[in-house]
Every structure is written in C-alpha cells, then in structure tokens.
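**Student:** First, the structure itself, so that you have it in front of you.
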Amino acid sequence: MNSMNDARMKNSFKLKQPSVIPGFGFALGFTLLYLTLIVIIPLSGLFIKTATMPWHTFVSTVTAPRVMSAYKISFGISFIAALVNVFFGLIIAWVLVRYKLPMKKLFDAMIDLPFALPTAVAGIALSTLYSPHGWIGELLAPLGIRLAFNPAGITIALIFVGLPFVVRTVEPLLQDMDAELEEAAAGLGASRWQTFSRIIFPYICPALLTGFAMAFARGLGEYGSVIFIAGNVPMVSEIVPLVIITKLEQYDYAGATAIALTMLLASFILLLIINLLQRWGNGRMKS
Amino acid sequence: MKASLITESLQVRVLLSVVAVLFIAIFVGLPLAIVFAEALSKGFQAYTNAIMSENARSAIKLTLLVAAIAVPCNMVFGLAASWAITKFEFAGKRLLITFIELPFSVSPVISGLIYVLLFGTNSMLGEWLDRHDIQIIFAVPGLVIATIFVTFPFIARELIPLMEEQGTESEEAAIMLGASGWQTFWHVTLPNIKWGLFYGVLLCNARAMGEFGAVSVVSGHISGLTNTIPLHVEILYNEYNFAAAFAVASILTLLALCTLLIKSIIEYYFPYEVKALH
C-alpha cells in the first residue's frame with residue numbers, strides 16, 4: 001500500500017506527465033520563446049525603466065495634480081459607464097433571451113459591434129453624433145445639454161466600448177437557467193419581483209460583477225474611442241492614456257513610464273479580481 | 001396560467017423591450033449609420049476620391065501588410081501554445097495561460113509604449129539598432145510588433161478551450177497506429193479545430209486591421225509611410241476633412257460588419273466548434 005502511494009506521490013510531483021503524443025518540447029519551447037520575446041521582455045522594460053527613477057521623482061510624477069485629476073476622471077468615468085452597462089446590459093440580455101422580438105438575431109449581432117468596430121471609427125462617429133451640430137447634439141443643444149467635448153462625452157464613449165461585456169456574460173446564464181426554480185417560487189406565492197430579486201438576481205450576480213469588472217478594466221485603458229469626444233482639457237476631461245501619450249510626445253519617457261506602470265498595476269489587480277469572480281461564479285454553477 | 005407566472009406582465013415586457021431596443025439603436029445603430037451618412041455627405045465622387053487618394057491607398061496597403069504578418073505569426077503561436085497546453089499535463093499550466101491572456105488587460109497606449117522603451121532612440125537596444133541603421137520605432141517593424149502584441153491572445157484563447165474539450169484520445173490513437181507527430185496534427189487535430197481556428201483568425205484580423213492606440217504610439221504618423229487606415233482616419237478628421245475621414249472609416253466599418261456576419265454564420269453552423277465566450 002505504502003509503496004504504491006509513494007509511487008503516485010512521485011508521479012504527481014513530476015513537472016510533466018508522460019504522454020505518447022510527440023511535440024511537447026517543440027510546442028512549449030516555441031510558446032515560451034514567443035511569449036518571452038513579445039510580452040515578457042517588453043513589459044518588464046516598464047518595470048526596469050521605472051526602477052531607474054529615484055523614488056521621490058516617481059512619487060511626484062505619478063501624484064502630480066494633472067495626473068491625479070486624470071486618474072479621477074479615468075477611474076470615475078469608467079466606473080459610471082460600467083454601472084450604466086450593468087443596468088442596461090442586464091435589460092438587454094433579459095429581453096434578448098426571454099422575449100419574442102422581431103429582428104432579434106440582428107439586435108443580438110449588433111451587441112458585438114463595439115468589439116469589432118475599430119476604436120478610432122467609434123470615436124469620430126460618436127463625437128460627430130453628439131457634437132452641437134450632430135444628430136443627437138442638435139436635439140439636446142436647445143435644452144442646454146452638452147454631451148461632447150466634456151466628461152459626459154467620455155462617459156458615452158466608455159458606455160459604447162463596454163456594452164458587450166455585461167450582455168455577453170449574463171446571456172448564457174439566463175439561457176441555461178432552470179424554469180422550475182421560478183415556477184416553484186411562483187407556486188409558493190412569490191411575486192414576480194420577489195422571484196427576480198431573491199432567486200434570479202443572486203444567481204446572475206457573479207456574472208454581472210464579472211461583466212462590470214471587464215467593462216471597467218476596458219474603460220480604464222481605452223484610448224481611441226475617447227480622445228475624439230473628450231475635448232481633452234487638462235484637469236477636466238483628460239484621461240490617463242492621453243497623459244501618457246502627451247508625456248511621450250514631450251520626450252518625457254520616464255514620466256510616461258511611471259504613469260503607465262501605475263495603470264498597469266491597476267489593470268493587473270482588476271484582472272485578478274475578474275479571475276476570482278469567474279471562479280466564484282463557476283463554483284456556484286456547479287453546486 | 002403557469003406561463004404567466006414565470007414571465008412579466010405585458011406592460012413590463014413592452015417597457016423592457018422598448019428600453020433594450022432604444023439603447024441598442026442609440027448606442028450602436030446611430031454610430032453605424034452616421035459613418036455612412038457622413039462618408040457620402042459630399043456625394044459619391046468625393047467618396048471614391050477619398051478612398052482612392054494616394055495617402056489612403058498607401059494606408060490600406062500598409063494595413064494589409066501589417067495584418068498579413070501579424071496574424072500568421074499569432075496563428076502559429078496559437079497552435080503551438082494550445083498543442084502544448086491541451087495535449088499535455090505539466091506544472092505551471094495555469095500561469096502560462098494567464099501570461100498568454102495578459103496583453104488583453106494592457107491598455108493599447110501602454111502596449112505601444114513598451115516597444116518605444118525597448119527599441120526607441122534612448123534605449124540600450126536603440127543605440128545598437130541606430131549603429132546598424134535598423135529602424136523599428138516610427139517604421140513598419142514597430143507597427144507589426146505592436147499589432148502582434150495587442151492581438152497576441154486571440155487565436156490561442158479560441159483554441160485552448162476547444163482542444164481541451166476534444167481531449168487527447170484521437171491523437172493517442174493515431175500515434176499508436178504509427179502516425180508521425182505532423183501527420184497526427186494535419187490529419188487528426190487540424191480537421192477538428194479548423195472552424196475554431198478560422199474564428200480566431202477572423203477576430204484576430206479584425207483587431208489587427210483596426211488597432212489604433214498601440215500603433216499610434218509607435219507610428220510617428222508619417223503620411224504615406226507609417227500610417228495605417230485608422231491613423232489616416234485620425235489625420236483626416238483632425239484636419240477637419242470630415243467627409244474624407246468618414247469615407248476611409250467606412251472601409252473599416254465594412255470590415256467590422258463582414259467580420260460580424262461571418263462570425264454569426266460560423267456560430268450558427270458550428271456552435272460546438274466555437275465555444276469561447278465573447
């Protein structure tokens with residue numbers, strides 16, 4: 001018994017399990033080489049370059065007033081846009097999964113457009129639509145509402161790019177949901193709203209949070225669709241990626257790198273949160 | 001009666017449907033419509049002039065060239081990575097997958113910046129490249145490598161879950177029957193994953209041709225030399241040449257629409273071969 005267990009233990013500590021299929025060394029070797037050359041070395045350059053900066057220079061660069069206000073704008077507006085997407089994304093997913101609707105296939109396909117449309121095209125289209133002479137801006141101008149070339153414009157662009165995330169994470173859950181649960185709740189006298197808030201909402205909650213985090217992360221890094229509609233006024237409507245570009249254009253490589261590093265760390269933390277949320281969601285699906 | 005218990009009242013259903021349709025129409029439909037309306041606002045002649053101009057043609061050529069290099073590179077990588085990850089059990093697999101997906105969570109601007117730091121004039125490599133008269137940043141190689149970075153995970157991410165599910169039995173059987181590794185790959189694995197692979201290539205290509213932020217950092221915006229289509233759109237727009245900007249943008253919009261159409265067709269006919277969520 002003991003010797004068998006020992007053998008199994010040894011086996012499980014092997015770096016690679018034996019297999020008859022060839023090509024492991026070549027495939028993994030090529031993968032690691034390509035990954036190192038394209039991703040790991042260039043990304044670590046960001047850390048190395050920042051490490052050559054004196055600590056106080058780094059701190060004063062990443063906490064300069066213009067940069068701080070850009071963080072507030074990027075984080076704040078990404079957060080608001082992701083919230084809007086959670087609300088409307090849930091409604092859209094709900095309608096697309098559960099209701100009969102003419103041209104439903106078309107609407108469903110349209111949800112993916114923000115993924116497929118190049119960001120620069122989205123940027124010029126949105127800024128033209130919402131500018132005071134555009135189709136939508138023209139209607140709102142007499143009411144004194146301006147949705148372009150200010151923070152509201154950034155919000156609109158980030159709602160556009162983040163729209164598919166919530167819809168696409170919630171949709172499959174609603175499709176797979178067991179009707180019996182809802183029938184049972186209704187049979188026990190729950191109102192439709194109670195069924196939704198007590199049964200359906202907790203079930204899709206991890207997916208909603210995942211979609212929120214993905215839309216938020218995407219919004220933080222977004223550049224192309226935002227810069228055309230943002231107005232880019234420092235301290236008012238300047239996003240962090242634009243601050244990085246501005247520093248680069250002034251040949252302030254160290255400054256650009258330091259700010260990029262703080263943003264990169266923020267995205268890694270978000271990535272970690274998204275992974276944890278997905279694991280939570282999957283774990284609940286199984287139970 | 002049961003049916004009415006598990007759905008909402010008619011008023012609520014109508015309200016939610018209207019909200020959903022209006023939201024899609026305003027946030028997706030209108031941007032799409034305005035691209036073509038603005039592109040044709042000065043007439044068809046102006047439209048064709050804009051997309052046939054010298055700079056537009058060189059931008060189209062450059063975009064095709066960049067995608068023609070970046071997409072096959074990532075395809076070979078995607079096949080190798082998913083072969084290693086799904087056909088074998090080894091330590092550190094989860095970590096490897098995390099690293100492969102990393103470029104998705106890096107801002108496009110930062111994706112460009114890292115190559116400026118690596119190859120730019122102030123860097124260690126930059127001096128060496130300068131001495132040997134090799135230009136990467138503000139030249140085509142920079143555009144290619146930045147595009148490879150931002151589209152890095154597309155094909156691998158499509159293939160890994162698909163090949164994971166298909167398991168290793170067919171390959172093991174082929175090897176046992178005496179097939180070589182390449183024969184097994186060409187005749188057993190590839191036919192099983194061809195639609196998943198095509199799907200990944202399609203999405204990878206769409207992103208490669210449309211990428212803006214990363215290429216904008218490494219391009220230097222030299223008209224006729226380092227301007228891809230999205231960068232050319234930006235220049236025209238900033239010159240207040242709106243009709244021309246939208247005319248060129250309409251090429252990219254048509255590309256996006258074709259991509260979505262082919263994607264929907266593949267999803268419809270081969271739902272089990274394109275499992276990954278989007």
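Identifiers in this document derive from the order of the structure tokens: chains are assigned A, B, ..., residues are numbered from 1 separately in each chain, and ligands are numbered from 1 in order of occurrence.
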List the spatial neighbours of Ala256 of chain A as a PyMOL selection string - criterion: any atom at most 8 Å away, only C-alpha atoms, same-chain residues fewer than 2 positions off excluded.

**Tutor:** chain A and resi 243-245+247-248+252-254+258-260

**Student:** Give as a ChimeraX atom specification every residue of chain B that touches chain A within 7 Å, counting only C-alpha atoms.

**Tutor:** /B:5-6,8,16-17,20,27-28,31,34-35,77,80-81,83-84,88-91,105-110,114-115,117-118,149,171-172,175,181,206,210-213,230,234,249,252-253,256,278

**Student:** Please list as a VMD selection string every residue within 9 Å of segment 64-76 of chain B, counting only C-alpha atoms and excluding residues in the same chain fewer than 2 positions away.

**Tutor:** chain B and resid 59 to 62 78 to 81 140 to 141 143 to 145 147 to 149 151 to 156 197 200 to 201 204 to 206 208 to 209 228

**Student:** One number please: atom CA of Thr57 of chain A to atom CA of Gln250 of chain A, in Å, one decimal.

**Tutor:**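 Rounded to one decimal, the two atoms are 17.3 Å apart.
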
**Student:** For Leu162 of chain B, please output as a PyMOL selection string all residues within 8 Å (counting only C-alpha atoms; exclusion window: fewer than 3 positions along the same chain).

**Tutor:** chain B and resi 158-159+165-166+193+196+273-276

**Student:** Using only C-alpha atoms, which of A:Lys72, A:Thr210, A:Val62, A:Gly137 sits nearest Phe149 of chain A?

**Tutor:**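 Going through A:Lys72, A:Thr210, A:Val62, A:Gly137 one by one, the smallest distance to Phe149 of chain A is for A:Gly137.
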
**Student:** Would you kindly return, as a short mmCIF file (atom, residue, chain, number, x, y, z; two decimals) with N, CA and C atoms, in the first residue's frame, each protein, DNA or RNA residue with an atom no farther than 7 Å from any atom of Val218 of chain B, considering only C-alpha atoms and excluding same-chain residues fewer than 6 positions away?

**Tutor:**
```cif
data_model
loop_
_atom_site.label_atom_id
_atom_site.label_comp_id
_atom_site.auth_asym_id
_atom_site.auth_seq_id
_atom_site.Cartn_x
_atom_site.Cartn_y
_atom_site.Cartn_z
N GLY B 112 1.93 50.15 -26.91
CA GLY B 112 2.85 50.84 -27.81
C GLY B 112 4.07 51.34 -27.06
N VAL B 116 8.42 51.37 -27.54
CA VAL B 116 9.21 52.60 -27.65
C VAL B 116 10.35 52.53 -26.63
N ILE B 137 11.06 51.59 -34.38
CA ILE B 137 10.03 52.55 -33.97
C ILE B 137 9.90 53.62 -35.06
N PHE B 138 8.70 54.10 -35.26
CA PHE B 138 8.37 55.03 -36.35
C PHE B 138 8.63 54.41 -37.72
N GLY B 142 7.90 48.31 -36.20
CA GLY B 142 7.26 48.71 -34.94
C GLY B 142 5.75 48.50 -35.00
N LEU B 143 5.16 48.87 -36.14
CA LEU B 143 3.71 48.69 -36.29
C LEU B 143 3.36 47.21 -36.20
#
```

**Student:** To one decimal place in Å, what is the distance between atom CA of Glu169 of chain B and atom CA of Arg94 of chain B?

**Tutor:**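 These two atoms are separated by 22.0 Å.
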